[in-house]
>>> print(open('run09.cif').read())   # mmCIF, C-alpha atoms
data_coords
#
loop_
_atom_site.label_atom_id
_atom_site.label_comp_id
_atom_site.auth_asym_id
_atom_site.auth_seq_id
_atom_site.Cartn_x
_atom_site.Cartn_y
_atom_site.Cartn_z
CA MET A 1 0.00 0.00 0.00
CA THR A 2 1.34 3.41 -0.93
CA PRO A 3 2.15 5.56 2.10
CA GLY A 4 0.16 8.77 2.36
CA ARG A 5 -3.21 9.46 0.84
CA PRO A 6 -5.26 6.29 0.40
CA ARG A 7 -5.78 5.16 -3.16
CA THR A 8 -9.18 4.15 -4.47
CA ARG A 9 -7.95 2.41 -7.63
CA PRO A 10 -6.07 -0.86 -7.98
CA ALA A 11 -2.63 -0.42 -9.48
CA SER A 12 -2.50 -1.38 -13.15
CA ALA A 13 0.30 -1.66 -15.66
CA PRO A 14 0.11 0.31 -18.89
CA SER A 15 -0.25 -1.92 -21.91
CA PRO A 16 2.88 -2.25 -24.02
CA ASP A 17 2.71 -0.87 -27.56
CA PRO A 18 1.71 -3.78 -29.84
CA THR A 19 4.22 -2.60 -32.43
CA ALA A 20 6.97 -3.49 -29.97
CA ASP A 21 5.98 -7.18 -29.78
CA GLN A 22 8.48 -8.45 -32.35
CA ALA A 23 11.28 -6.31 -30.96
CA THR A 24 10.47 -7.64 -27.52
CA LYS A 25 10.64 -11.24 -28.74
CA ASP A 26 13.94 -10.57 -30.44
CA ALA A 27 15.42 -8.90 -27.36
CA MET A 28 14.38 -11.80 -25.14
CA SER A 29 15.49 -14.55 -27.54
CA ASN A 30 18.41 -15.60 -25.33
CA ALA A 31 16.31 -16.01 -22.15
CA THR A 32 14.83 -19.43 -21.34
CA THR A 33 11.53 -19.77 -19.50
CA VAL A 34 9.99 -22.96 -18.13
CA SER A 35 6.21 -22.98 -18.36
CA PRO A 36 4.42 -22.21 -15.08
CA ALA A 37 2.87 -25.00 -13.10
CA HIS A 38 0.16 -22.75 -11.66
CA SER A 39 -1.69 -19.58 -12.57
CA ALA A 40 0.34 -16.38 -12.95
CA SER A 41 -1.29 -14.86 -9.87
CA THR A 42 -0.01 -17.57 -7.51
CA ALA A 43 2.96 -19.11 -9.31
CA SER A 44 6.52 -18.40 -8.24
CA THR A 45 9.23 -17.45 -10.72
CA LEU A 46 12.99 -17.71 -10.33
CA ILE A 47 15.13 -15.36 -12.40
CA THR A 48 18.61 -16.82 -12.18
CA ASN A 49 22.05 -16.53 -13.77
CA ILE A 50 22.05 -12.78 -13.08
CA ALA A 51 25.58 -11.40 -13.45
CA ALA A 52 24.93 -8.40 -11.19
CA LEU A 53 21.76 -7.60 -9.25
CA VAL A 54 21.05 -4.11 -7.95
CA THR A 55 18.86 -4.49 -4.85
CA ASN A 56 19.25 -0.99 -3.32
CA ASP A 57 19.53 -2.74 0.04
CA PRO A 58 22.94 -2.03 1.64
CA SER A 59 22.52 -5.02 3.94
CA LEU A 60 22.92 -7.28 0.91
CA GLY A 61 25.75 -8.11 -1.45
CA ASP A 62 28.70 -5.71 -1.43
CA GLY A 63 27.23 -3.53 1.34
CA SER A 64 27.09 -0.44 -0.89
CA PRO A 65 23.94 1.69 -1.26
CA LEU A 66 23.16 -0.42 -4.35
CA GLY A 67 23.38 -3.66 -2.37
CA LEU A 68 25.01 -5.21 -5.42
CA VAL A 69 24.85 -9.02 -5.52
CA GLN A 70 27.05 -10.90 -8.01
CA ASP A 71 25.98 -14.24 -9.54
CA ALA A 72 22.51 -13.61 -8.20
CA ALA A 73 18.91 -14.73 -8.43
CA VAL A 74 15.50 -13.28 -7.62
CA VAL A 75 12.28 -15.07 -6.74
CA ILE A 76 8.91 -13.52 -7.56
CA GLU A 77 5.62 -14.71 -6.13
CA GLY A 78 2.46 -12.95 -7.23
CA ASP A 79 3.31 -9.27 -7.55
CA ARG A 80 6.12 -9.24 -4.96
CA ILE A 81 9.75 -10.11 -4.52
CA VAL A 82 10.02 -12.93 -1.97
CA TRP A 83 13.73 -13.79 -2.14
CA THR A 84 17.02 -12.41 -3.46
CA GLY A 85 20.55 -13.73 -3.09
CA ASP A 86 23.24 -16.01 -4.46
CA HIS A 87 21.84 -18.06 -7.35
CA SER A 88 23.26 -21.28 -5.88
CA LYS A 89 21.05 -20.87 -2.83
CA ALA A 90 17.78 -20.08 -4.62
CA PRO A 91 14.68 -22.03 -3.52
CA ALA A 92 12.63 -24.19 -5.86
CA THR A 93 9.96 -22.36 -7.90
CA ASP A 94 7.25 -23.06 -10.46
CA ASN A 95 8.93 -21.07 -13.25
CA ARG A 96 12.50 -20.40 -14.17
CA VAL A 97 13.99 -17.62 -16.30
CA ASP A 98 17.66 -17.73 -17.27
CA ALA A 99 18.98 -14.15 -17.37
CA GLY A 100 21.92 -15.30 -19.45
CA GLY A 101 24.58 -13.47 -17.46
CA ARG A 102 22.83 -10.13 -17.73
CA ALA A 103 22.37 -7.47 -15.06
CA VAL A 104 19.05 -6.76 -13.32
CA VAL A 105 18.06 -3.44 -11.81
CA PRO A 106 14.88 -2.24 -10.09
CA GLY A 107 12.36 -0.77 -12.48
CA PHE A 108 13.03 2.93 -12.95
CA VAL A 109 10.84 5.30 -10.94
CA ASP A 110 10.16 8.44 -12.97
CA SER A 111 8.76 10.86 -10.41
CA HIS A 112 8.27 13.90 -12.67
CA SER A 113 6.51 13.99 -16.04
CA HIS A 114 3.82 15.91 -17.94
CA LEU A 115 2.09 13.41 -20.23
CA VAL A 116 -1.44 14.81 -20.59
CA PHE A 117 -1.00 17.16 -23.52
CA ALA A 118 -1.69 17.65 -27.21
CA GLY A 119 0.17 19.45 -29.94
CA ASP A 120 3.79 19.77 -30.94
CA ARG A 121 6.53 22.28 -30.18
CA THR A 122 9.10 21.26 -32.75
CA GLN A 123 9.36 24.81 -34.07
CA GLU A 124 10.09 26.13 -30.58
CA PHE A 125 12.80 23.52 -30.05
CA ASN A 126 14.33 24.25 -33.43
CA ALA A 127 14.37 27.98 -32.71
CA ARG A 128 15.89 27.41 -29.27
CA MET A 129 18.64 25.24 -30.74
CA SER A 130 19.25 28.13 -33.12
CA GLY A 131 19.86 30.57 -30.29
CA ARG A 132 16.60 31.60 -28.63
CA PRO A 133 16.58 30.99 -24.82
CA TYR A 134 13.88 28.96 -23.08
CA SER A 135 11.25 30.69 -20.94
CA ALA A 136 8.06 29.51 -19.27
CA GLY A 137 5.93 31.22 -21.94
CA GLY A 138 6.04 28.27 -24.34
CA ILE A 139 3.64 26.41 -22.06
CA ARG A 140 0.80 28.54 -23.48
CA THR A 141 1.22 26.89 -26.87
CA THR A 142 0.56 23.47 -25.37
CA VAL A 143 -2.34 24.81 -23.30
CA ALA A 144 -4.15 25.92 -26.47
CA ALA A 145 -3.60 22.56 -28.19
CA THR A 146 -4.59 20.56 -25.12
CA ARG A 147 -7.83 22.46 -24.62
CA ALA A 148 -8.76 21.78 -28.24
CA ALA A 149 -8.03 18.05 -28.05
CA SER A 150 -10.60 15.36 -27.37
CA ASP A 151 -10.41 13.04 -24.38
CA GLU A 152 -9.52 10.21 -26.77
CA GLU A 153 -6.60 12.15 -28.22
CA LEU A 154 -5.24 12.99 -24.77
CA GLU A 155 -5.60 9.42 -23.54
CA ALA A 156 -3.84 8.10 -26.64
CA ASN A 157 -0.87 10.34 -25.86
CA VAL A 158 -0.73 9.21 -22.23
CA THR A 159 -0.82 5.52 -23.09
CA ARG A 160 1.71 6.01 -25.89
CA TYR A 161 4.32 7.63 -23.68
CA LEU A 162 3.73 5.31 -20.74
CA ALA A 163 4.28 2.34 -23.05
CA GLU A 164 7.36 4.01 -24.52
CA ALA A 165 8.77 4.50 -21.02
CA LEU A 166 7.89 0.96 -19.99
CA ARG A 167 9.90 -0.48 -22.87
CA GLN A 168 12.88 1.45 -21.49
CA GLY A 169 12.50 0.03 -17.99
CA THR A 170 10.25 2.57 -16.26
CA THR A 171 7.74 0.70 -14.11
CA THR A 172 6.41 3.65 -12.07
CA MET A 173 5.68 7.04 -13.60
CA GLU A 174 4.23 10.12 -11.96
CA THR A 175 2.41 12.54 -14.25
CA LYS A 176 0.73 15.91 -13.89
CA SER A 177 -2.04 18.08 -15.20
CA GLY A 178 -1.11 21.66 -16.03
CA TYR A 179 -1.89 22.10 -19.71
CA GLY A 180 -5.60 22.83 -19.31
CA LEU A 181 -5.71 25.66 -16.75
CA THR A 182 -9.51 25.67 -16.60
CA VAL A 183 -11.59 23.76 -14.06
CA GLU A 184 -12.93 21.38 -16.69
CA ASP A 185 -9.65 20.80 -18.52
CA GLU A 186 -7.56 20.25 -15.39
CA ALA A 187 -10.10 17.81 -13.97
CA ARG A 188 -10.30 15.80 -17.20
CA ALA A 189 -6.50 15.65 -17.44
CA LEU A 190 -6.32 14.14 -13.98
CA ARG A 191 -9.15 11.69 -14.67
CA ILE A 192 -7.31 10.49 -17.76
CA ALA A 193 -3.98 10.21 -15.95
CA ALA A 194 -5.51 8.41 -12.97
CA ALA A 195 -6.77 5.63 -15.24
CA HIS A 196 -3.15 4.73 -15.99
CA THR A 197 -1.02 5.56 -12.95
CA ASP A 198 -1.51 5.96 -9.22
CA GLU A 199 1.02 8.80 -9.05
CA VAL A 200 -1.07 11.75 -10.25
CA THR A 201 -0.31 15.40 -9.53
CA TYR A 202 -2.60 18.42 -9.72
CA LEU A 203 -0.63 21.22 -11.41
CA GLY A 204 -3.26 23.85 -12.06
CA ALA A 205 -0.52 26.27 -11.00
CA HIS A 206 1.73 25.60 -13.97
CA ILE A 207 1.43 29.17 -15.22
CA VAL A 208 -1.27 31.80 -14.81
CA SER A 209 -4.02 30.90 -17.25
CA PRO A 210 -4.06 33.09 -20.38
CA ASP A 211 -7.71 33.75 -19.55
CA LEU A 212 -6.69 35.60 -16.36
CA ALA A 213 -3.26 36.84 -17.38
CA GLU A 214 -4.12 40.35 -16.18
CA ASP A 215 -5.45 39.15 -12.83
CA PRO A 216 -3.07 36.57 -11.28
CA ALA A 217 -4.76 36.85 -7.89
CA ALA A 218 -8.05 35.74 -9.41
CA TYR A 219 -6.34 32.73 -10.95
CA VAL A 220 -4.72 31.75 -7.65
CA ALA A 221 -8.19 31.97 -6.09
CA LEU A 222 -9.50 29.65 -8.81
CA VAL A 223 -6.63 27.15 -8.38
CA THR A 224 -7.16 27.04 -4.60
CA GLY A 225 -10.96 27.04 -4.84
CA GLU A 226 -13.23 25.66 -7.52
CA MET A 227 -10.44 24.02 -9.52
CA LEU A 228 -9.00 22.32 -6.44
CA ASP A 229 -12.45 21.04 -5.50
CA ALA A 230 -12.81 19.45 -8.94
CA CYS A 231 -9.29 18.03 -9.09
CA ALA A 232 -8.51 16.81 -5.58
CA PRO A 233 -10.52 13.54 -5.90
CA HIS A 234 -8.34 12.44 -8.82
CA ALA A 235 -4.86 13.28 -7.50
CA ARG A 236 -2.39 12.31 -4.81
CA TRP A 237 -0.11 15.35 -5.11
CA ILE A 238 -0.25 19.11 -5.66
CA ASP A 239 2.49 21.01 -7.48
CA VAL A 240 3.29 24.61 -8.42
CA PHE A 241 5.81 26.21 -10.77
CA CYS A 242 7.49 28.66 -8.41
CA GLU A 243 9.45 30.80 -10.83
CA ARG A 244 9.70 34.24 -12.34
CA GLY A 245 6.98 34.33 -15.02
CA ALA A 246 4.87 31.78 -13.17
CA PHE A 247 4.12 32.00 -9.39
CA ASP A 248 6.01 33.80 -6.65
CA GLY A 249 6.73 32.44 -3.18
CA ASP A 250 3.60 33.81 -1.52
CA GLN A 251 1.34 32.54 -4.29
CA ALA A 252 3.04 29.14 -4.24
CA ARG A 253 2.65 28.88 -0.45
CA ALA A 254 -1.07 29.66 -0.69
CA ILE A 255 -1.57 27.06 -3.42
CA LEU A 256 0.35 24.26 -1.71
CA THR A 257 -1.22 25.00 1.67
CA ALA A 258 -4.70 24.81 0.15
CA GLY A 259 -3.81 21.50 -1.43
CA LYS A 260 -2.53 20.10 1.86
CA ALA A 261 -5.82 21.05 3.48
CA ARG A 262 -7.57 18.88 0.87
CA GLY A 263 -5.30 15.89 1.47
CA LEU A 264 -2.87 16.46 -1.41
CA HIS A 265 0.81 16.33 -0.52
CA PRO A 266 3.08 19.07 -1.93
CA ARG A 267 5.81 18.87 -4.50
CA ILE A 268 7.22 21.92 -6.27
CA HIS A 269 9.01 23.09 -9.42
CA ALA A 270 11.81 25.00 -7.70
CA ASN A 271 14.79 27.10 -8.74
CA GLN A 272 14.87 25.95 -12.36
CA LEU A 273 15.48 29.18 -14.25
CA SER A 274 16.77 31.42 -11.47
CA TYR A 275 17.43 31.66 -7.74
CA GLY A 276 14.20 31.90 -5.80
CA PRO A 277 12.17 30.83 -2.77
CA GLY A 278 11.04 27.45 -4.12
CA VAL A 279 13.48 25.16 -2.32
CA GLN A 280 13.05 26.87 1.05
CA LEU A 281 9.27 26.71 0.63
CA ALA A 282 9.48 23.01 -0.23
CA VAL A 283 11.36 22.27 2.98
CA GLU A 284 9.07 24.51 5.04
CA LEU A 285 5.97 22.62 3.82
CA ASP A 286 7.61 19.17 3.95
CA ALA A 287 7.20 18.75 0.19
CA ALA A 288 8.09 15.28 -1.02
CA SER A 289 10.36 16.80 -3.64
CA ALA A 290 11.79 20.03 -4.94
CA ASP A 291 12.21 19.50 -8.67
CA HIS A 292 14.88 21.00 -10.98
CA CYS A 293 17.08 22.60 -8.27
CA THR A 294 19.42 24.17 -10.82
CA HIS A 295 20.10 27.48 -9.07
CA LEU A 296 20.83 26.82 -5.39
CA THR A 297 22.39 28.88 -2.63
CA ASP A 298 24.38 27.24 0.14
CA GLU A 299 21.33 27.75 2.37
CA ASP A 300 19.15 25.88 -0.14
CA VAL A 301 21.55 22.94 -0.26
CA ASP A 302 21.77 22.84 3.52
CA ALA A 303 17.99 22.95 3.87
CA LEU A 304 17.56 20.00 1.51
CA ALA A 305 20.31 18.03 3.24
CA HIS A 306 18.58 18.40 6.61
CA SER A 307 15.06 17.61 5.46
CA ASP A 308 12.97 14.77 4.03
CA THR A 309 12.48 16.71 0.78
CA VAL A 310 14.16 15.01 -2.17
CA ALA A 311 16.05 17.08 -4.74
CA THR A 312 14.73 15.76 -8.05
CA LEU A 313 17.07 16.59 -10.92
CA LEU A 314 15.83 16.61 -14.51
CA PRO A 315 18.80 16.61 -16.88
CA GLY A 316 16.61 16.21 -19.95
CA ALA A 317 15.47 19.78 -19.43
CA GLU A 318 18.99 21.15 -19.35
CA PHE A 319 19.92 19.06 -22.39
CA SER A 320 16.91 20.34 -24.34
CA THR A 321 17.29 23.98 -23.35
CA ARG A 322 21.10 24.25 -23.25
CA ALA A 323 20.75 25.56 -19.72
CA GLN A 324 23.12 25.28 -16.78
CA TRP A 325 23.36 21.73 -15.42
CA PRO A 326 22.25 21.09 -11.82
CA ASP A 327 25.19 20.36 -9.54
CA ALA A 328 24.35 16.88 -8.30
CA ARG A 329 27.80 16.47 -6.74
CA ARG A 330 27.22 19.46 -4.48
CA LEU A 331 23.90 18.07 -3.27
CA LEU A 332 25.20 14.55 -2.73
CA ASP A 333 28.29 15.70 -0.87
CA ALA A 334 26.07 17.74 1.45
CA GLY A 335 23.97 14.68 2.24
CA ALA A 336 20.80 15.53 0.28
CA THR A 337 18.69 12.75 -1.23
CA VAL A 338 18.71 13.04 -5.02
CA ALA A 339 16.29 11.60 -7.57
CA LEU A 340 16.66 11.54 -11.35
CA SER A 341 13.64 11.86 -13.62
CA THR A 342 12.86 12.69 -17.23
CA ASP A 343 10.50 15.69 -16.94
CA CYS A 344 8.93 14.25 -20.09
CA ASN A 345 6.96 17.11 -21.65
CA PRO A 346 6.50 18.53 -25.16
CA GLY A 347 8.38 21.76 -24.58
CA SER A 348 11.55 21.55 -22.52
CA SER A 349 12.35 17.82 -22.18
CA PHE A 350 10.65 15.60 -24.73
CA THR A 351 12.21 12.33 -23.62
CA SER A 352 10.77 9.37 -21.73
CA SER A 353 14.16 7.66 -21.38
CA VAL A 354 15.47 7.32 -17.83
CA PRO A 355 18.63 5.57 -19.14
CA PHE A 356 19.37 8.68 -21.21
CA CYS A 357 19.00 10.83 -18.09
CA VAL A 358 21.30 8.48 -16.17
CA ALA A 359 23.97 8.94 -18.83
CA LEU A 360 23.56 12.74 -18.76
CA ALA A 361 23.80 12.82 -14.97
CA VAL A 362 27.05 10.87 -15.02
CA ARG A 363 28.57 12.84 -17.87
CA ASP A 364 27.48 16.37 -16.97
CA MET A 365 26.23 16.52 -13.38
CA GLY A 366 29.06 14.93 -11.41
CA MET A 367 27.31 11.68 -10.46
CA THR A 368 28.94 8.27 -10.42
CA PRO A 369 27.16 5.48 -12.31
CA ASP A 370 26.17 3.91 -8.97
CA GLU A 371 24.69 7.19 -7.70
CA ALA A 372 22.79 7.82 -10.91
CA VAL A 373 21.21 4.36 -10.98
CA TRP A 374 20.27 4.62 -7.30
CA SER A 375 18.72 8.05 -7.90
CA ALA A 376 16.70 6.77 -10.87
CA THR A 377 15.27 3.91 -8.81
CA ALA A 378 15.36 4.29 -5.02
CA GLY A 379 15.70 8.06 -5.31
CA GLY A 380 12.58 8.30 -7.44
CA ALA A 381 10.75 6.12 -4.93
CA ALA A 382 11.81 8.47 -2.12
CA ALA A 383 10.51 11.43 -4.15
CA LEU A 384 7.14 9.66 -4.21
CA ARG A 385 7.46 8.62 -0.56
CA ARG A 386 7.25 4.98 -1.54
CA THR A 387 9.07 2.05 0.06
CA ASP A 388 7.44 -0.67 -2.06
CA ILE A 389 9.19 0.25 -5.32
CA GLY A 390 12.71 1.19 -6.39
CA ARG A 391 14.35 -1.78 -4.68
CA LEU A 392 14.51 -5.54 -5.11
CA THR A 393 14.13 -7.00 -1.64
CA PRO A 394 11.46 -9.23 -0.08
CA GLY A 395 8.15 -7.40 0.23
CA ALA A 396 8.77 -4.89 -2.55
CA TYR A 397 6.81 -4.99 -5.77
CA ALA A 398 8.39 -7.21 -8.41
CA ASP A 399 9.26 -4.32 -10.71
CA LEU A 400 12.56 -4.95 -12.47
CA ALA A 401 14.47 -4.48 -15.70
CA LEU A 402 16.79 -6.97 -17.36
CA LEU A 403 19.70 -5.26 -19.11
CA ASP A 404 21.42 -6.62 -22.18
CA ALA A 405 24.71 -5.97 -20.38
CA PRO A 406 26.67 -7.55 -17.52
CA SER A 407 26.52 -4.45 -15.29
CA HIS A 408 24.30 -1.49 -14.45
CA VAL A 409 27.29 0.74 -15.29
CA HIS A 410 26.54 0.12 -18.96
CA LEU A 411 23.55 2.46 -18.66
CA ALA A 412 26.06 5.32 -18.62
CA TYR A 413 28.90 3.50 -20.41
CA ARG A 414 26.77 2.83 -23.53
CA PRO A 415 24.58 5.94 -23.86
CA GLY A 416 21.80 5.84 -26.40
CA VAL A 417 21.90 2.04 -26.75
CA PRO A 418 18.58 0.26 -25.98
CA LEU A 419 19.92 -1.99 -23.23
CA VAL A 420 16.61 -2.92 -21.56
CA SER A 421 15.77 -6.39 -22.90
CA GLY A 422 13.06 -7.40 -20.44
CA VAL A 423 10.74 -5.75 -17.92
CA TRP A 424 8.61 -7.22 -15.14
CA ARG A 425 5.96 -5.04 -13.51
CA ARG A 426 4.05 -6.25 -10.47
CA GLY A 427 5.39 -9.71 -11.16
CA GLU A 428 4.20 -9.91 -14.77
CA ARG A 429 6.57 -9.83 -17.72
CA VAL A 430 5.36 -6.82 -19.72
CA VAL A 431 8.33 -6.44 -22.05
#
>>> encode(input="run09.cif", output="structure tokens")
Amino acid sequence: MTPGRPRTRPASAPSPDPTADQATKDAMSNATTVSPAHSASTASTLITNIAALVTNDPSLGDGSPLGLVQDAAVVIEGDRIVWTGDHSKAPATDNRVDAGGRAVVPGFVDSHSHLVFAGDRTQEFNARMSGRPYSAGGIRTTVAATRAASDEELEANVTRYLAEALRQGTTTMETKSGYGLTVEDEARALRIAAAHTDEVTYLGAHIVSPDLAEDPAAYVALVTGEMLDACAPHARWIDVFCERGAFDGDQARAILTAGKARGLHPRIHANQLSYGPGVQLAVELDAASADHCTHLTDEDVDALAHSDTVATLLPGAEFSTRAQWPDARRLLDAGATVALSTDCNPGSSFTSSVPFCVALAVRDMGMTPDEAVWSATAGGAAALRRTDIGRLTPGAYADLALLDAPSHVHLAYRPGVPLVSGVWRRGERVV
């Protein structure tokens, strides 16, 4: 059960894209499976001959934060992990999968994305790559397209990008509203998202709606009033873009406080484009995460290091906007908890690939491969205040990715190569 606000929906896996079926079969051609003796819901499965298993349990294996176990095996029963350890000591099971000397990592936990949208911002990206800087104003283009789209069009986009992410090893994905900015459009975005993931965030405070551009106070009143009433039943989280051109510290505090009063836990877009109050506000309100964290003072870093608020870094945004990279090394050395996520959105980070973000974090943000993989799995889970995902230990969900490589380090060592050759989500092989 997810900590925090109770969920009213059973967890469900997004359906893989049918066009990926042949590629999936090809990628898994070297793995051997023995047919189950019982139904999938009760049968046990042994995945063995794992060259290196990332458990994220420091009590296991090499004692590092990754809890790396060599020559390992994992046992799945139902939707949970029930055993991990040396393959020679694995118990008997109904099924057996030979990993073929590959590495296994926890399924990636992408704790920051914006998937409910319509339209395309290719021209904006092309112009930016030709010298125009990024600003928050481009969001308005997507707002117009999203409002004009049908429910079916929006849902098709959500399922498309969730399936795309799943094929790359992402088994848990948070996503937000924020491209409707009317009561009706924000509520329908959250209804659509909630049909596909339990990690849904109300982001009516993405920017001030174009309809009330001359009266920001009226829009804040709408976000904290009628819009919140319509959206709260469909979300677990509330978010705000605290930034010049979006919402200032006082407005952000009012919005997040109103959400907390309705049972939504805060997270915040903080300090992306400039120094500002976002990080300090996140810590003050016990936000689960402060996301972006590009421009930080020493006081901001210290506040994060001495709080339960996770610093979620989104290198896809810096890659796509040619902006300053977040200094992950500074945060880690101070003792802050760091997560890595894609920020998948049509304007500033149009990627669903966590492995790509891992490679960027290692190359350009000062992270080691071990730190980046931990942050993309256990770190993402911490940013969602979850203990049942992001690790491969007894009791956790059986969410894992099989890499076509002998080590998790290859995620950074071989950037751009599709290394994920198998994915299990809640105990079911989905890729």
>>> resolve_selection(input="run09.cif", expression="the PyMOL selection byres ((chain A and resi 140) around 12)", output="ChimeraX atom specification")
/A:117-121,124,135-139,141-147,178-181,206-211,213,245-246,346-347
>>> atom_distance(input="run09.cif", atom1="atom CA of A:Asp94", atom2="atom CA of A:Ser421")
22.5 Å
>>> resolve_selection(input="run09.cif", expression="the PyMOL selection byres ((chain A and resi 234) around 12)", output="VMD selection string")
chain A and resid 5 to 9 176 to 177 186 to 203 227 to 233 235 to 238 262 to 264
>>> resolve_selection(input="run09.cif", expression="the PyMOL selection byres ((chain A and resi 354-370) around 10)", output="PyMOL selection string")
chain A and resi 54+64-66+68+108-110+165+168-170+313-319+324-330+332+340-344+351-353+371-377+408-420
>>> closest_residue(input="run09.cif", among="A:Gly61, A:Tyr161, A:Gly390, A:Thr321", to="A:Met129", atoms="all atoms listed in the file")
A:Thr321
>>> closest_residue(input="run09.cif", among="A:Leu402, A:Ala217, A:Leu154, A:Val75", to="A:Ser44", atoms="only C-alpha atoms")
A:Val75
>>> atom_distance(input="run09.cif", atom1="atom CA of A:Leu400", atom2="atom CA of A:Ser113")
20.2 Å
>>> closest_residue(input="run09.cif", among="A:Ala270, A:Ile81, A:Ile50, A:Leu166", to="A:Asp388", atoms="all atoms listed in the file")
A:Ile81
>>> closest_residue(input="run09.cif", among="A:Leu384, A:Ala127, A:Val279, A:Ala398", to="A:Thr175", atoms="only C-alpha atoms")
A:Leu384
>>> build_atoms(input="run09.cif", residues="stretch 205-210 of chain A", atoms="all heavy atoms", output="PDB file, in the frame of the given file")
ATOM      1  N   ALA A 205      -1.432  25.124 -11.124  1.00  0.00           N
ATOM      2  CA  ALA A 205      -0.520  26.270 -11.000  1.00  0.00           C
ATOM      3  C   ALA A 205       0.750  26.034 -11.790  1.00  0.00           C
ATOM      4  O   ALA A 205       1.859  26.101 -11.270  1.00  0.00           O
ATOM      5  CB  ALA A 205      -0.208  26.518  -9.525  1.00  0.00           C
ATOM      6  N   HIS A 206       0.581  25.738 -13.076  1.00  0.00           N
ATOM      7  CA  HIS A 206       1.730  25.600 -13.970  1.00  0.00           C
ATOM      8  C   HIS A 206       2.195  26.986 -14.406  1.00  0.00           C
ATOM      9  O   HIS A 206       3.350  27.356 -14.246  1.00  0.00           O
ATOM     10  CB  HIS A 206       1.329  24.745 -15.174  1.00  0.00           C
ATOM     11  CG  HIS A 206       2.482  24.089 -15.867  1.00  0.00           C
ATOM     12  ND1 HIS A 206       2.326  23.217 -16.929  1.00  0.00           N
ATOM     13  CD2 HIS A 206       3.822  24.161 -15.655  1.00  0.00           C
ATOM     14  CE1 HIS A 206       3.513  22.794 -17.334  1.00  0.00           C
ATOM     15  NE2 HIS A 206       4.434  23.353 -16.575  1.00  0.00           N
ATOM     16  N   ILE A 207       1.273  27.731 -14.984  1.00  0.00           N
ATOM     17  CA  ILE A 207       1.430  29.170 -15.220  1.00  0.00           C
ATOM     18  C   ILE A 207       0.075  29.812 -14.950  1.00  0.00           C
ATOM     19  O   ILE A 207      -0.925  29.104 -14.790  1.00  0.00           O
ATOM     20  CB  ILE A 207       1.877  29.499 -16.663  1.00  0.00           C
ATOM     21  CG1 ILE A 207       0.863  28.954 -17.671  1.00  0.00           C
ATOM     22  CG2 ILE A 207       3.285  28.979 -16.927  1.00  0.00           C
ATOM     23  CD1 ILE A 207       1.072  29.445 -19.096  1.00  0.00           C
ATOM     24  N   VAL A 208       0.019  31.127 -14.901  1.00  0.00           N
ATOM     25  CA  VAL A 208      -1.270  31.800 -14.810  1.00  0.00           C
ATOM     26  C   VAL A 208      -2.000  31.590 -16.122  1.00  0.00           C
ATOM     27  O   VAL A 208      -1.429  31.782 -17.210  1.00  0.00           O
ATOM     28  CB  VAL A 208      -1.086  33.308 -14.527  1.00  0.00           C
ATOM     29  CG1 VAL A 208      -2.431  34.024 -14.561  1.00  0.00           C
ATOM     30  CG2 VAL A 208      -0.405  33.519 -13.183  1.00  0.00           C
ATOM     31  N   SER A 209      -3.247  31.163 -16.038  1.00  0.00           N
ATOM     32  CA  SER A 209      -4.020  30.900 -17.250  1.00  0.00           C
ATOM     33  C   SER A 209      -4.057  32.133 -18.147  1.00  0.00           C
ATOM     34  O   SER A 209      -4.217  33.267 -17.666  1.00  0.00           O
ATOM     35  CB  SER A 209      -5.450  30.509 -16.867  1.00  0.00           C
ATOM     36  OG  SER A 209      -6.281  30.474 -18.017  1.00  0.00           O
ATOM     37  N   PRO A 210      -3.922  31.943 -19.456  1.00  0.00           N
ATOM     38  CA  PRO A 210      -4.060  33.090 -20.380  1.00  0.00           C
ATOM     39  C   PRO A 210      -5.374  33.824 -20.214  1.00  0.00           C
ATOM     40  O   PRO A 210      -5.452  35.020 -20.500  1.00  0.00           O
ATOM     41  CB  PRO A 210      -3.955  32.428 -21.756  1.00  0.00           C
ATOM     42  CG  PRO A 210      -3.201  31.160 -21.525  1.00  0.00           C
ATOM     43  CD  PRO A 210      -3.602  30.696 -20.157  1.00  0.00           C
TER      44      PRO A 210
END
